[in-house]
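Note: the block below is data.txt and it holds compact mmCIF, C-alpha atoms.
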# COMPACT_ATOMS: atom_id res chain seq x y z
CA MET A 1 -36.59 26.14 10.51
CA LYS A 2 -37.80 29.63 9.62
CA SER A 3 -36.70 33.04 10.80
CA SER A 4 -38.97 35.47 12.59
CA ASN A 5 -40.11 37.05 9.31
CA GLY A 6 -41.26 33.70 7.91
CA HIS A 7 -38.29 33.08 5.57
CA ARG A 8 -36.12 29.99 5.67
CA SER A 9 -32.61 30.37 7.03
CA PRO A 10 -29.59 29.97 4.71
CA ALA A 11 -28.60 26.76 6.51
CA THR A 12 -32.04 25.24 5.91
CA ILE A 13 -32.01 26.20 2.23
CA ALA A 14 -28.53 24.74 1.82
CA ARG A 15 -29.57 21.49 3.50
CA ILE A 16 -32.70 21.10 1.35
CA THR A 17 -31.16 22.07 -1.99
CA LYS A 18 -27.70 20.55 -1.41
CA ILE A 19 -26.20 23.89 -2.48
CA PRO A 20 -23.16 25.17 -0.56
CA ILE A 21 -24.19 27.59 2.15
CA ARG A 22 -21.79 30.25 0.86
CA THR A 23 -23.58 30.20 -2.50
CA VAL A 24 -26.94 30.46 -0.74
CA LYS A 25 -25.80 33.44 1.33
CA TYR A 26 -24.31 35.12 -1.74
CA ASN A 27 -27.59 34.89 -3.64
CA ILE A 28 -29.62 36.05 -0.64
CA VAL A 29 -27.48 39.18 -0.40
CA LYS A 30 -27.92 39.72 -4.14
CA ILE A 31 -31.71 39.45 -3.80
CA LYS A 32 -31.72 41.96 -0.95
CA ASN A 33 -29.55 44.45 -2.83
CA GLN A 34 -30.84 44.02 -6.40
CA GLY A 35 -34.20 42.33 -5.96
CA THR A 36 -33.10 39.50 -8.27
CA ILE A 37 -30.40 36.87 -8.61
CA GLU A 38 -29.66 37.89 -12.19
CA ASP A 39 -26.22 39.34 -12.85
CA ARG A 40 -26.00 43.10 -13.18
CA PRO A 41 -25.84 44.52 -16.73
CA ARG A 42 -22.37 44.56 -18.21
CA LYS A 43 -20.68 47.92 -18.68
CA VAL A 44 -19.18 46.82 -22.00
CA THR A 45 -21.90 47.03 -24.65
CA ALA A 46 -22.14 45.45 -28.10
CA ASN A 47 -20.80 48.63 -29.72
CA ASP A 48 -17.82 48.52 -27.37
CA ASP A 49 -17.22 44.92 -28.49
CA ILE A 50 -17.10 46.10 -32.10
CA ALA A 51 -14.56 48.79 -31.19
CA LEU A 52 -12.39 46.29 -29.32
CA ASP A 53 -12.52 43.90 -32.25
CA GLN A 54 -11.44 46.62 -34.68
CA TRP A 55 -8.54 47.76 -32.51
CA ILE A 56 -7.21 44.24 -32.13
CA ARG A 57 -7.51 43.48 -35.83
CA ARG A 58 -5.46 46.60 -36.58
CA ASN A 59 -2.83 45.72 -33.99
CA ASN A 60 -3.04 42.34 -32.28
CA GLU A 61 -0.10 43.24 -30.03
CA THR A 62 -2.19 45.84 -28.19
CA LYS A 63 -2.04 45.33 -24.44
CA SER A 64 -5.15 45.23 -22.28
CA GLN A 65 -4.08 48.41 -20.47
CA GLU A 66 -3.82 50.22 -23.80
CA LEU A 67 -7.33 49.04 -24.67
CA VAL A 68 -8.53 50.44 -21.34
CA GLN A 69 -7.12 53.84 -22.30
CA LYS A 70 -8.70 53.64 -25.76
CA LEU A 71 -12.10 52.83 -24.27
CA LEU A 72 -11.80 55.77 -21.89
CA HIS A 73 -10.61 58.20 -24.55
CA ASP A 74 -12.74 57.13 -27.53
CA ARG A 75 -15.80 55.55 -25.89
CA ASP A 76 -15.91 57.43 -22.56
CA LEU A 77 -16.02 54.05 -20.80
CA ASN A 78 -14.07 53.57 -17.59
CA VAL A 79 -13.32 49.89 -16.93
CA SER A 80 -10.42 47.91 -15.52
CA ARG A 81 -8.00 45.84 -17.55
CA TRP A 82 -9.45 42.69 -15.97
CA THR A 83 -12.85 43.63 -17.38
CA VAL A 84 -11.29 44.08 -20.81
CA GLN A 85 -9.51 40.73 -20.60
CA CYS A 86 -12.69 38.92 -19.57
CA GLN A 87 -14.64 40.57 -22.36
CA LEU A 88 -12.04 39.60 -24.95
CA LYS A 89 -12.21 35.99 -23.77
CA ARG A 90 -15.99 36.08 -24.16
CA MET A 91 -15.43 37.31 -27.72
CA GLY A 92 -13.23 34.30 -28.42
CA TYR A 93 -9.81 35.96 -28.20
CA LYS A 94 -6.79 34.39 -26.57
CA SER A 95 -3.57 36.05 -25.50
CA ALA A 96 -0.70 33.84 -26.58
CA LEU A 97 2.91 33.90 -27.64
CA PRO A 98 3.71 33.15 -31.30
CA TYR A 99 5.00 29.72 -32.21
CA ARG A 100 8.73 29.23 -31.98
CA THR A 101 10.62 28.32 -35.12
CA SER A 102 14.12 26.99 -35.52
CA MET A 103 16.97 29.13 -36.78
CA LEU A 104 18.06 28.74 -40.39
CA THR A 105 20.56 25.94 -40.81
CA GLN A 106 23.09 25.57 -43.60
CA LYS A 107 20.70 23.15 -45.30
CA HIS A 108 17.92 25.75 -45.23
CA LYS A 109 20.21 28.39 -46.72
CA GLU A 110 21.30 26.09 -49.53
CA ALA A 111 17.67 25.23 -50.27
CA ARG A 112 16.84 28.93 -50.56
CA VAL A 113 19.69 29.47 -52.98
CA GLN A 114 18.47 26.56 -55.10
CA TRP A 115 14.93 27.98 -55.09
CA ALA A 116 16.24 31.35 -56.25
CA ILE A 117 18.20 29.72 -59.07
CA GLN A 118 15.15 27.74 -60.19
CA HIS A 119 12.92 30.84 -60.28
CA LYS A 120 15.37 33.42 -61.59
CA ASP A 121 13.68 33.44 -65.02
CA ASP A 122 10.12 33.66 -63.69
CA ASP A 123 7.81 36.54 -64.55
CA TRP A 124 8.02 38.80 -61.50
CA SER A 125 5.79 41.55 -62.91
CA ARG A 126 2.89 40.37 -60.72
CA THR A 127 4.98 40.16 -57.55
CA ILE A 128 5.74 42.79 -54.93
CA PHE A 129 8.59 42.66 -52.44
CA THR A 130 8.15 43.78 -48.86
CA ASP A 131 10.33 44.04 -45.80
CA GLU A 132 7.64 44.38 -43.15
CA THR A 133 7.90 40.99 -41.45
CA SER A 134 9.31 41.24 -37.93
CA TYR A 135 11.02 38.50 -35.95
CA GLN A 136 12.26 38.09 -32.41
CA LEU A 137 15.48 36.17 -32.13
CA PHE A 138 16.05 33.54 -29.44
CA ARG A 139 12.76 34.09 -27.59
CA ASN A 140 9.22 35.40 -27.98
CA THR A 141 8.20 38.06 -25.48
CA ILE A 142 5.35 39.90 -27.22
CA ARG A 143 1.94 38.36 -26.63
CA ARG A 144 -0.74 38.66 -29.29
CA TRP A 145 -4.52 38.41 -29.28
CA SER A 146 -5.81 35.82 -31.71
CA LYS A 147 -8.89 33.79 -32.59
CA ASN A 148 -8.59 30.16 -33.57
CA PRO A 149 -11.16 29.15 -36.23
CA ARG A 150 -10.43 25.51 -35.40
CA ASP A 151 -12.35 25.99 -32.13
CA ARG A 152 -15.59 26.50 -34.06
CA LEU A 153 -15.10 23.28 -36.00
CA ILE A 154 -14.44 21.30 -32.82
CA VAL A 155 -17.55 22.67 -31.09
CA GLN A 156 -19.62 22.01 -34.21
CA LYS A 157 -18.44 18.40 -34.34
CA TYR A 158 -19.45 17.67 -30.75
CA PHE A 159 -22.75 19.57 -31.02
CA GLN A 160 -23.76 17.65 -34.14
CA ARG A 161 -23.30 14.44 -32.17
CA GLY A 162 -26.25 15.48 -30.02
CA LEU A 163 -24.34 16.80 -27.00
CA THR A 164 -25.66 19.70 -24.96
CA GLY A 165 -23.73 22.92 -24.47
CA GLY A 166 -22.47 21.84 -21.07
CA GLN A 167 -21.33 18.46 -22.38
CA VAL A 168 -19.54 20.12 -25.28
CA PHE A 169 -17.78 22.48 -22.89
CA ARG A 170 -16.52 19.59 -20.76
CA HIS A 171 -14.98 18.04 -23.87
CA VAL A 172 -13.28 21.22 -25.10
CA GLU A 173 -12.43 22.93 -21.80
CA GLN A 174 -8.89 21.54 -21.86
CA LEU A 175 -8.35 23.21 -25.25
CA GLY A 176 -8.85 26.64 -23.69
CA ILE A 177 -12.31 27.24 -25.18
CA THR A 178 -14.50 29.17 -22.75
CA ARG A 179 -18.06 28.24 -21.81
CA ASN A 180 -19.36 31.49 -23.29
CA GLY A 181 -17.48 30.73 -26.49
CA VAL A 182 -19.13 27.31 -26.74
CA TYR A 183 -22.63 28.70 -26.26
CA ARG A 184 -21.96 31.53 -28.72
CA ILE A 185 -20.92 29.05 -31.42
CA ILE A 186 -23.92 26.82 -30.69
CA SER A 187 -26.26 29.82 -30.86
CA ARG A 188 -24.82 30.75 -34.24
CA LEU A 189 -25.29 27.17 -35.45
CA CYS A 190 -28.92 27.15 -34.35
CA ASP A 191 -29.68 30.58 -35.82
CA THR A 192 -27.87 30.37 -39.15
CA GLY A 193 -26.99 26.69 -39.58
CA SER A 194 -23.34 27.63 -40.01
CA ILE A 195 -20.34 28.50 -37.86
CA GLN A 196 -19.43 31.38 -40.14
CA GLY A 197 -20.08 34.96 -39.12
CA ARG A 198 -23.56 36.37 -39.58
CA PRO A 199 -24.18 38.55 -42.66
CA ARG A 200 -23.01 42.08 -42.01
CA THR A 201 -25.16 45.14 -42.53
CA GLY A 202 -24.12 48.71 -43.13
CA ARG A 203 -22.59 50.81 -45.83
CA PRO A 204 -20.84 49.11 -48.77
CA ARG A 205 -17.08 49.07 -49.13
CA THR A 206 -15.50 52.24 -50.44
CA CYS A 207 -11.78 51.44 -50.30
CA ARG A 208 -11.69 48.66 -52.89
CA SER A 209 -13.23 50.62 -55.76
CA LYS A 210 -12.43 49.81 -59.40
CA LYS A 211 -10.80 53.19 -59.89
CA ARG A 212 -8.49 52.73 -56.92
CA ILE A 213 -7.61 49.16 -57.89
CA LYS A 214 -6.64 50.32 -61.38
CA ARG A 215 -4.53 53.15 -59.95
CA ILE A 216 -2.68 50.79 -57.60
CA ARG A 217 -2.07 48.31 -60.42
CA GLU A 218 -0.33 51.04 -62.40
CA LYS A 219 1.80 52.02 -59.40
CA ILE A 220 2.90 48.43 -58.90
CA ARG A 221 3.65 48.04 -62.60
CA ARG A 222 5.92 51.08 -62.51
CA ASN A 223 7.63 50.05 -59.28
CA PRO A 224 7.03 46.47 -58.06
CA GLU A 225 9.17 47.06 -54.96
CA ARG A 226 6.63 49.38 -53.36
CA SER A 227 5.55 48.18 -49.93
CA ALA A 228 1.91 47.76 -48.97
CA ARG A 229 2.38 50.15 -46.07
CA LYS A 230 3.63 52.97 -48.29
CA LEU A 231 0.90 52.35 -50.83
CA ALA A 232 -1.70 52.56 -48.06
CA MET A 233 -0.22 55.85 -46.85
CA ASN A 234 -0.28 57.30 -50.37
CA GLU A 235 -3.89 56.23 -50.88
CA ASP A 236 -4.89 57.30 -47.35
CA ILE A 237 -6.53 53.97 -46.56
CA ASP A 238 -6.03 51.30 -43.92
CA ASN A 239 -3.11 48.90 -44.28
CA ARG A 240 -5.44 45.88 -44.16
CA SER A 241 -7.58 47.29 -46.97
CA MET A 242 -4.49 47.77 -49.10
CA ARG A 243 -3.39 44.19 -48.51
CA GLY A 244 -6.85 43.02 -49.52
CA ILE A 245 -6.56 44.90 -52.80
CA LEU A 246 -3.10 43.48 -53.51
CA LYS A 247 -3.93 39.91 -52.60
CA ILE A 248 -7.58 39.49 -53.64
CA ASP A 249 -8.16 42.01 -56.42
CA LEU A 250 -4.71 42.07 -58.05
CA ASP A 251 -3.67 38.50 -57.17
CA LEU A 252 -0.19 39.61 -56.10
CA LYS A 253 2.10 37.75 -53.73
CA PRO A 254 4.73 39.40 -51.53
CA TYR A 255 8.28 38.08 -51.40
CA LYS A 256 11.19 39.22 -49.28
CA ASN A 257 14.31 40.09 -51.18

Would you give me this structure, written as structure tokens?
Amino acid sequence: MKSSNGHRSPATIARITKIPIRTVKYNIVKIKNQGTIEDRPRKVTANDDIALDQWIRRNNETKSQELVQKLLHDRDLNVSRWTVQCQLKRMGYKSALPYRTSMLTQKHKEARVQWAIQHKDDDWSRTIFTDETSYQLFRNTIRRWSKNPRDRLIVQKYFQRGLTGGQVFRHVEQLGITRNGVYRIISRLCDTGSIQGRPRTGRPRTCRSKKRIKRIREKIRRNPERSARKLAMNEDIDNRSMRGILKIDLDLKPYKN
């Protein structure tokens, strides 16, 4: 059955293609309005993705509404918090509560005392002490954005077995891995042969210079109880960069006193 203008009716198309009539009508309206059934371009661009990624790495407790305000203020991009949440899921982020851990028992406390006695004569000149770890007692209420590198390994395992992207997604859907995340990992595997991030381009690092590393080593030698946060403030660099210098370049380990 055709309409007066020679086009098939939605009911006829649905009957022939076995597609639900609501889906047929939805796509017909899209063709009339846009001239195509392709989705409209996303408002969040690749540069916006980079900004979101940087903000979350600096503070993974940032709420989606705060990210909306940052996008509006810094990027002049007006989107809803639902758009931000969907985009973060496409980027592989999940909003989750931290794992719960048990309270210290008397056995734990005694074990810590024994550890302290065993290491009291160790050389602590290459160790810094910090007090920046935060805990929530009795319950976790602050959600954090995180990426799970294990997801990439799982997708890689199924893809190397010869499964298609859709088949891989059906296997990992129950793990919370999104369809876009599966196809992104597969695309990276096909392009680079690895699940690791693609090589970055841009200016070289400036924070972790030899001169700065030497200066920080001297500061730690004079006062090993300096915190990474205060050192970063004194050097006017990011806290993460300072931790990279302490851990990677100076091979220092933080301990709580």

Under the rule that all atoms listed in the file are counted, which of A:Lys247, A:Arg226, A:Arg170, A:Arg221 is the nearest residue to Arg208 of chain A? A:Lys247

Excluding segment 25-28 of chain A and any residue of its chain fewer than 6 positions from it, enumerate the residues within 12 Å of it, using all atoms listed in the file, and give them as a PyMOL selection string. chain A and resi 7-14+19+34-39

Selected residue, from A:Leu250, A:Lys211, A:Gln114, A:Arg240, that lies nearest to Gln54 of chain A when counting only C-alpha atoms: A:Arg240

Of the candidates A:Lys214, A:Lys94, A:His73, A:Arg58, which shows the shortest atom-to-atom distance to Ser241 of chain A, using all atoms listed in the file? A:Arg58

For Trp124 of chain A, list every protein, DNA or RNA residue within 12 Å, evaluated using only C-alpha atoms, and leave out those in the same chain fewer than 4 positions away; present the list as a PyMOL selection string. chain A and resi 119-120+128-129+220-221+223-225+252-255

How would the residues just picked look written out with C-alpha atoms as a PDB file, in the frame of the given file?
ATOM      1  CA  HIS A 119      12.920  30.840 -60.280  1.00  0.00           C
ATOM      2  CA  LYS A 120      15.370  33.420 -61.590  1.00  0.00           C
ATOM      3  CA  ILE A 128       5.740  42.790 -54.930  1.00  0.00           C
ATOM      4  CA  PHE A 129       8.590  42.660 -52.440  1.00  0.00           C
ATOM      5  CA  ILE A 220       2.900  48.430 -58.900  1.00  0.00           C
ATOM      6  CA  ARG A 221       3.650  48.040 -62.600  1.00  0.00           C
ATOM      7  CA  ASN A 223       7.630  50.050 -59.280  1.00  0.00           C
ATOM      8  CA  PRO A 224       7.030  46.470 -58.060  1.00  0.00           C
ATOM      9  CA  GLU A 225       9.170  47.060 -54.960  1.00  0.00           C
ATOM     10  CA  LEU A 252      -0.190  39.610 -56.100  1.00  0.00           C
ATOM     11  CA  LYS A 253       2.100  37.750 -53.730  1.00  0.00           C
ATOM     12  CA  PRO A 254       4.730  39.400 -51.530  1.00  0.00           C
ATOM     13  CA  TYR A 255       8.280  38.080 -51.400  1.00  0.00           C
TER      14      TYR A 255
END

For Leu97 of chain A, which residue among A:Lys230, A:Lys109, A:Arg143, A:Arg126 is the nearest when counting all atoms listed in the file?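 Nearest to Leu97 of chain A: A:Arg143.
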
From the set A:Ile117, A:Ala111, A:Ala96, A:Ile195, which residue has the shortest atom-to-atom contact distance to Ile154 of chain A, counting only C-alpha atoms?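 Among the listed residues, the smallest separation from Ile154 of chain A belongs to A:Ile195.
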
How far is it from atom CA of Gly162 of chain A to atom CA of Leu175 of chain A, in Å with one decimal?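 Taking atom CA of Gly162 of chain A as the start and atom CA of Leu175 of chain A as the end point, the length is 20.1 Å.
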
Just give me the gap between atom CA of Glu173 of chain A and atom CA of Met91 of chain A in Å, one decimal is fine. 15.8 Å

Go through A:Met233, A:Ile213, A:Leu52, A:Val155 and flag the residue nearest Leu246 of chain A, using all atoms listed in the file for the distances.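 Of the candidates, the smallest distance to Leu246 of chain A is held by A:Ile213.
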
Do you know which residues are at most 12 Å from Ala51 of chain A counting all atoms listed in the file, after dropping those on the same chain fewer than 2 positions away, and could you put them as number ranges by chain? A: 44-49, 53-58, 67-68, 70-72, 74-75, 77, 84, 88

Coordinates-based distance that separates atom CA of Glu61 of chain A from atom CA of Arg144 of chain A (Å, one decimal):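 These two atoms are separated by 4.7 Å.
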
Can you list, as number ranges by chain, every protein, DNA or RNA residue that comes within 8 Å of Val182 of chain A when you count only C-alpha atoms, leaving out same-chain residues fewer than 2 positions away? A: 155, 165, 168-169, 177-180, 184-186
